[in-house]
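start.csv, holding CSV, C-alpha atoms:
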chain,number,residue,atom,x,y,z
A,483,MET,CA,0.0,0.0,0.0
A,484,ASP,CA,1.2,3.5,-0.8
A,485,ILE,CA,0.7,6.3,1.7
A,486,GLY,CA,2.2,9.4,0.2
A,487,HIS,CA,2.1,11.5,3.3
A,488,LEU,CA,4.4,9.4,5.5
A,489,PRO,CA,7.5,11.2,6.7
A,490,ARG,CA,10.4,11.4,4.4
A,491,ARG,CA,13.5,9.5,5.5
A,492,ALA,CA,16.7,10.8,6.9
A,493,PHE,CA,18.8,7.8,6.0
A,494,LEU,CA,21.1,7.6,5.0
A,495,ARG,CA,31.1,21.5,-6.0
A,496,GLY,CA,32.0,17.9,-7.2
A,497,ALA,CA,32.8,16.5,-10.6
A,498,ALA,CA,32.6,18.7,-13.6
A,499,GLY,CA,33.9,18.9,-17.2
A,500,MET,CA,34.0,15.5,-18.9
A,501,THR,CA,32.5,13.7,-16.0
A,502,ALA,CA,29.5,16.1,-15.9
A,503,ALA,CA,29.0,15.8,-19.6
A,504,ALA,CA,29.2,12.0,-19.6
A,505,ALA,CA,26.7,11.7,-16.8
A,506,ALA,CA,24.4,14.2,-18.4
A,507,GLY,CA,24.2,12.1,-21.5
A,508,LEU,CA,26.0,14.6,-23.6
A,509,LEU,CA,28.7,12.0,-24.3
A,510,LEU,CA,27.3,8.7,-25.4
A,511,PRO,CA,29.8,5.9,-25.9
A,512,GLY,CA,29.0,3.1,-28.4
A,513,LEU,CA,25.7,3.0,-30.3
A,514,ALA,CA,23.5,6.1,-30.3
A,515,ARG,CA,20.5,5.9,-28.1
A,516,ALA,CA,16.8,6.4,-29.1
A,517,ALA,CA,16.2,9.9,-30.5
A,518,GLY,CA,17.0,12.3,-27.7
A,519,GLU,CA,16.9,9.8,-24.9
A,520,PRO,CA,19.6,10.2,-22.3
A,521,ARG,CA,21.0,7.2,-20.5
A,522,ILE,CA,18.6,6.0,-17.8
A,523,TYR,CA,19.3,2.9,-15.9
A,524,SER,CA,16.4,0.6,-15.4
A,525,CYS,CA,15.2,-1.1,-12.2
A,526,ALA,CA,16.6,-4.4,-13.5
A,527,GLU,CA,20.1,-2.8,-14.1
A,528,TRP,CA,20.4,-1.5,-10.6
A,529,GLY,CA,19.1,-4.6,-9.0
A,530,ALA,CA,15.6,-3.5,-7.7
A,531,ARG,CA,13.5,-5.8,-5.7
A,532,PRO,CA,10.1,-6.7,-7.1
A,533,PRO,CA,7.3,-4.4,-6.0
A,534,ALA,CA,5.6,-5.5,-2.7
A,535,ASP,CA,2.2,-4.9,-4.3
A,536,PRO,CA,0.8,-4.6,-7.8
A,537,LEU,CA,1.4,-1.2,-9.4
A,538,THR,CA,-1.0,0.9,-11.4
A,539,THR,CA,-0.2,2.4,-14.8
A,540,LEU,CA,-2.6,5.2,-15.8
A,541,ASP,CA,-3.6,5.8,-19.4
A,542,HIS,CA,-2.8,9.5,-19.5
A,543,PRO,CA,0.4,11.6,-19.7
A,544,ALA,CA,2.2,13.4,-16.9
A,545,ASN,CA,1.5,17.2,-16.8
A,546,ARG,CA,4.2,18.2,-14.3
A,547,ILE,CA,7.7,17.4,-12.9
A,548,LEU,CA,8.3,17.6,-9.1
A,549,ILE,CA,11.8,18.0,-7.9
A,550,HIS,CA,12.9,16.3,-4.6
A,551,HIS,CA,16.0,15.6,-2.6
A,552,ILE,CA,16.5,12.3,-0.8
A,553,ASP,CA,17.6,14.0,2.4
A,554,CYS,CA,20.6,11.7,2.7
A,555,PRO,CA,24.3,12.4,3.1
A,556,ASN,CA,26.1,14.4,0.4
A,557,SER,CA,28.4,11.6,-0.6
A,558,THR,CA,31.6,12.3,-2.6
A,559,ASP,CA,31.4,8.9,-4.1
A,560,TYR,CA,30.2,9.7,-7.6
A,561,SER,CA,30.5,6.2,-9.0
A,562,LEU,CA,27.9,4.2,-10.8
A,563,GLU,CA,28.2,1.5,-8.2
A,564,HIS,CA,27.4,4.0,-5.5
A,565,ALA,CA,24.4,5.3,-7.5
A,566,PHE,CA,23.0,1.8,-7.7
A,567,GLN,CA,23.4,1.4,-4.0
A,568,VAL,CA,21.5,4.6,-3.4
A,569,ALA,CA,18.6,3.3,-5.5
A,570,ARG,CA,18.6,0.0,-3.6
A,571,ASP,CA,18.7,1.8,-0.2
A,572,ASP,CA,15.9,4.2,-1.3
A,573,GLN,CA,13.6,1.3,-2.4
A,574,ALA,CA,14.3,-0.7,0.8
A,575,ASP,CA,13.4,2.4,2.9
A,576,HIS,CA,10.2,3.1,1.0
A,577,ILE,CA,9.0,-0.5,1.1
A,578,ASP,CA,10.2,-1.6,4.5
A,579,ASN,CA,9.9,1.6,6.5
A,580,ASN,CA,7.1,3.5,4.7
A,581,GLY,CA,5.1,0.5,3.8
A,582,TRP,CA,4.9,1.5,0.1
A,583,SER,CA,4.5,-0.8,-2.8
A,584,ASP,CA,7.9,0.2,-4.4
A,585,THR,CA,10.2,3.2,-4.6
A,586,GLY,CA,8.0,6.3,-4.1
A,587,GLN,CA,9.4,8.4,-6.9
A,588,HIS,CA,9.5,7.7,-10.6
A,589,PHE,CA,13.2,8.4,-11.1
A,590,THR,CA,16.4,9.2,-9.2
A,591,VAL,CA,19.5,11.3,-10.1
A,592,SER,CA,22.7,10.5,-8.2
A,593,ARG,CA,25.3,13.1,-7.1
A,594,GLY,CA,27.5,11.7,-9.8
A,595,GLY,CA,24.8,12.4,-12.4
A,596,TYR,CA,23.5,8.9,-13.1
A,597,ARG,CA,19.8,8.7,-13.9
A,598,MET,CA,17.9,5.7,-12.7
A,599,GLU,CA,14.3,4.4,-12.9
A,600,GLY,CA,12.8,4.4,-9.4
A,601,ARG,CA,9.3,2.9,-9.5
A,602,HIS,CA,9.0,-0.1,-11.8
A,603,GLY,CA,7.4,0.7,-15.1
A,604,SER,CA,8.2,4.4,-15.0
A,605,LEU,CA,10.8,4.2,-17.8
A,606,ASP,CA,8.5,2.3,-20.2
A,607,ALA,CA,5.7,4.8,-19.4
A,608,LEU,CA,8.0,7.7,-20.1
A,609,ARG,CA,9.1,6.3,-23.4
A,610,SER,CA,5.4,5.9,-24.4
A,611,GLY,CA,4.7,9.5,-23.7
A,612,ASP,CA,1.1,8.9,-22.9
A,613,LYS,CA,1.2,6.9,-19.6
A,614,ILE,CA,2.3,7.4,-16.0
A,615,VAL,CA,2.8,4.9,-13.2
A,616,ARG,CA,0.9,5.9,-10.0
A,617,ALA,CA,3.6,6.9,-7.5
A,618,ALA,CA,3.9,7.8,-3.8
A,619,HIS,CA,6.2,10.9,-3.9
A,620,CYS,CA,3.6,13.7,-3.1
A,621,PRO,CA,0.0,13.5,-2.0
A,622,GLY,CA,-2.3,14.9,-4.6
A,623,GLN,CA,0.4,14.7,-7.3
A,624,ASN,CA,1.0,10.9,-7.6
A,625,ASP,CA,-1.3,10.4,-10.6
A,626,ASN,CA,0.0,13.3,-12.7
A,627,ALA,CA,3.5,14.5,-11.7
A,628,ILE,CA,6.8,12.8,-12.5
A,629,GLY,CA,8.8,12.7,-9.2
A,630,ILE,CA,12.5,13.0,-9.5
A,631,GLU,CA,14.6,12.4,-6.3
A,632,ASN,CA,18.1,13.9,-6.2
A,633,GLU,CA,20.6,12.1,-4.0
A,634,GLY,CA,21.8,14.4,-1.2
A,635,THR,CA,20.5,17.1,1.1
A,636,TYR,CA,20.3,20.6,-0.3
A,637,MET,CA,19.3,22.9,2.6
A,638,THR,CA,22.7,24.7,2.8
A,639,VAL,CA,24.7,23.4,-0.2
A,640,GLU,CA,24.0,23.2,-3.9
A,641,PRO,CA,24.1,20.0,-6.0
A,642,PRO,CA,27.3,19.0,-7.8
A,643,GLU,CA,27.6,20.1,-11.4
A,644,ALA,CA,27.4,16.6,-12.7
A,645,GLN,CA,24.0,16.1,-10.9
A,646,TRP,CA,22.7,19.5,-12.1
A,647,SER,CA,23.7,19.0,-15.7
A,648,SER,CA,22.1,15.5,-15.7
A,649,LEU,CA,18.9,16.8,-14.1
A,650,VAL,CA,18.7,19.5,-16.8
A,651,VAL,CA,19.0,17.0,-19.7
A,652,PHE,CA,16.6,14.6,-18.0
A,653,CYS,CA,13.9,17.3,-17.4
A,654,ALA,CA,14.2,18.4,-21.0
A,655,TYR,CA,13.6,14.8,-22.2
A,656,ILE,CA,10.6,14.3,-19.9
A,657,CYS,CA,9.1,17.6,-21.0
A,658,THR,CA,9.6,16.5,-24.6
A,659,GLN,CA,8.0,13.1,-24.1
A,660,TYR,CA,5.0,14.4,-22.3
A,661,GLY,CA,4.6,17.9,-23.7
A,662,ILE,CA,5.1,19.4,-20.3
A,663,PRO,CA,5.8,23.2,-20.3
A,664,VAL,CA,8.9,24.2,-18.4
A,665,GLU,CA,6.7,26.3,-16.1
A,666,GLU,CA,5.4,23.0,-14.7
A,667,ILE,CA,8.8,22.0,-13.2
A,668,LYS,CA,8.1,22.5,-9.6
A,669,GLY,CA,9.4,21.6,-6.1
A,670,HIS,CA,7.9,19.1,-3.7
A,671,ARG,CA,7.3,22.0,-1.2
A,672,ASP,CA,5.0,23.7,-3.7
A,673,TYR,CA,2.4,21.0,-3.1
A,674,TYR,CA,3.2,19.7,0.4
A,675,ASN,CA,4.4,21.0,3.8
A,676,THR,CA,8.0,20.0,3.6
A,677,ASP,CA,11.5,21.5,3.3
A,678,CYS,CA,12.1,19.3,0.2
A,679,PRO,CA,13.9,19.7,-2.1
A,680,GLY,CA,16.0,21.8,0.2
A,681,ASP,CA,16.4,25.6,0.3
A,682,LYS,CA,19.4,25.8,-2.0
A,683,LEU,CA,17.9,23.5,-4.7
A,684,TYR,CA,14.5,25.0,-4.5
A,685,ALA,CA,16.0,28.5,-5.0
A,686,ARG,CA,17.5,27.2,-8.2
A,687,LEU,CA,14.3,26.0,-9.8
A,688,PRO,CA,13.8,29.2,-11.9
A,689,GLU,CA,17.4,28.5,-13.2
A,690,LEU,CA,16.4,24.9,-13.9
A,691,ARG,CA,13.4,26.0,-15.9
A,692,SER,CA,15.5,28.4,-17.8
A,693,ASP,CA,18.2,25.8,-18.5
A,694,VAL,CA,15.7,23.2,-19.6
A,695,ALA,CA,14.1,25.8,-21.9
A,696,ALA,CA,17.5,26.4,-23.5
A,697,GLN,CA,17.9,22.7,-24.0
A,698,LEU,CA,14.5,22.4,-25.6
A,699,SER,CA,15.2,25.4,-27.9
A,700,THR,CA,18.0,23.4,-29.6
A,701,ARG,CA,15.9,20.4,-30.4
Could you express the structure from this file as structure tokens?
Amino acid sequence: MDIGHLPRRAFLRGAAGMTAAAAAGLLLPGLARAAGEPRIYSCAEWGARPPADPLTTLDHPANRILIHHIDCPNSTDYSLEHAFQVARDDQADHIDNNGWSDTGQHFTVSRGGYRMEGRHGSLDALRSGDKIVRAAHCPGQNDNAIGIENEGTYMTVEPPEAQWSSLVVFCAYICTQYGIPVEEIKGHRDYYNTDCPGDKLYARLPELRSDVAAQLSTR
């Protein structure tokens, strides 16, 4: 069962240049990916547990993006292995401690800039452009808003450049897939009484919308 109002957990300038570009999907080794799609690691790739309960896929597109922070330590381990562990820890916390069916958010971005599917089915739904998996990241928004958790705590510090660059590229892709206007990139606290996504990250949401708009203008 998903109860979107349960308390958020308290579990639990870094890499730039080439690292940031690679994590953001600007450098794609090997074969080119599907048109405009950045690298997103699936639940299977990071070793997700099966959902505890059946999940619901809704036959309508998302109309908003909600930005979160996990409220966990600001690790300086920017590796892919660490990112996968963050995803596993997050899922375990949401299922075992919150009693949710699966990871509450649709996607997660690590401090190293790796993008990962959170809730099972979210990546396929995003690729379809006309479906969304019911989530548990914000009461009243779980049927319509794509939830993106960002590893770290951003009350007094800002996210690393790799994470920021990755988030910009990711939001641009989501906006393209669902036809979401950049004005609908919001913060968790806009819809719920919480400090999420942290004072520093929340203060940069106008910049995020501007950066995403700039990305979209080049497509």
Option closest in space to A:Ser699, from A:Asp535, A:Ser583, A:Thr658, A:Tyr673 [counting only C-alpha atoms]: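 Ranking A:Asp535, A:Ser583, A:Thr658, A:Tyr673 by distance to A:Ser699, first place goes to A:Thr658.
Across the structure, atom CA of A:Lys613 and atom CA of A:Cys653 are spaced 16.6 Å apart.
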Using all atoms listed in the file, determine which residues lie at most 7 Å from A:Tyr523, disregarding the query and same-chain residues fewer than 3 positions distant; provide the list as a PyMOL selection string. chain A and resi 527-528+597-599
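Shortest separation to A:Ala695 among A:Asp625, A:Glu643, A:Asp578, A:Glu665 occurs at residue A:Glu665, atoms counted being only C-alpha atoms.
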Considering all atoms listed in the file, return as a list in words whatever protein or nucleic-acid residues lie within 10 Å of A:Cys525, sequence-local ones (same chain, fewer than 6 positions apart) excluded.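 So, after excluding close chain neighbours, the residues are Arg531, Pro532, Phe566, Ala569, Arg570, Phe589, Met598, Glu599, Gly600, Arg601, His602, Gly603, Ser604 and Leu605 of chain A.
Residue nearest A:Asn624 within the list A:Arg701, A:Arg546, A:His551, A:Arg671: A:Arg546 [criterion: smallest interatomic distance, all atoms listed in the file].
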Using all atoms listed in the file, which protein or nucleic acid residues come within 8 Å of stretch 608-611 of chain A? Drop anything in the same chain fewer than 5 positions from it, and give the result as a PDB file with C-alpha atoms, in the frame of the given file.
ATOM      1  CA  PRO A 543       0.400  11.600 -19.700  1.00  0.00           C
ATOM      2  CA  ILE A 656      10.600  14.300 -19.900  1.00  0.00           C
ATOM      3  CA  GLN A 659       8.000  13.100 -24.100  1.00  0.00           C
ATOM      4  CA  TYR A 660       5.000  14.400 -22.300  1.00  0.00           C
TER       5      TYR A 660
END
Can you list, as a PyMOL selection string, every protein, DNA or RNA residue that comes within 8 Å of stretch 630-640 of chain A when you count all atoms listed in the file, leaving out same-chain residues fewer than 3 positions away? chain A and resi 495+547-557+568+587-593+645+677+679-683
If we count all atoms listed in the file, what is near A:Gln623 at a cut-off of 12 Å, once residues fewer than 4 positions away on the same chain are taken out, given as a PyMOL selection string? chain A and resi 486-487+544-549+586-588+614-619+627-629+668-674
For a test of reading the model, state the distance in Å between atom CA of A:Asn675 and atom CA of A:Asp572, rounded to one decimal.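 Atom CA of A:Asp572 lies at a distance of 21.0 Å from atom CA of A:Asn675.
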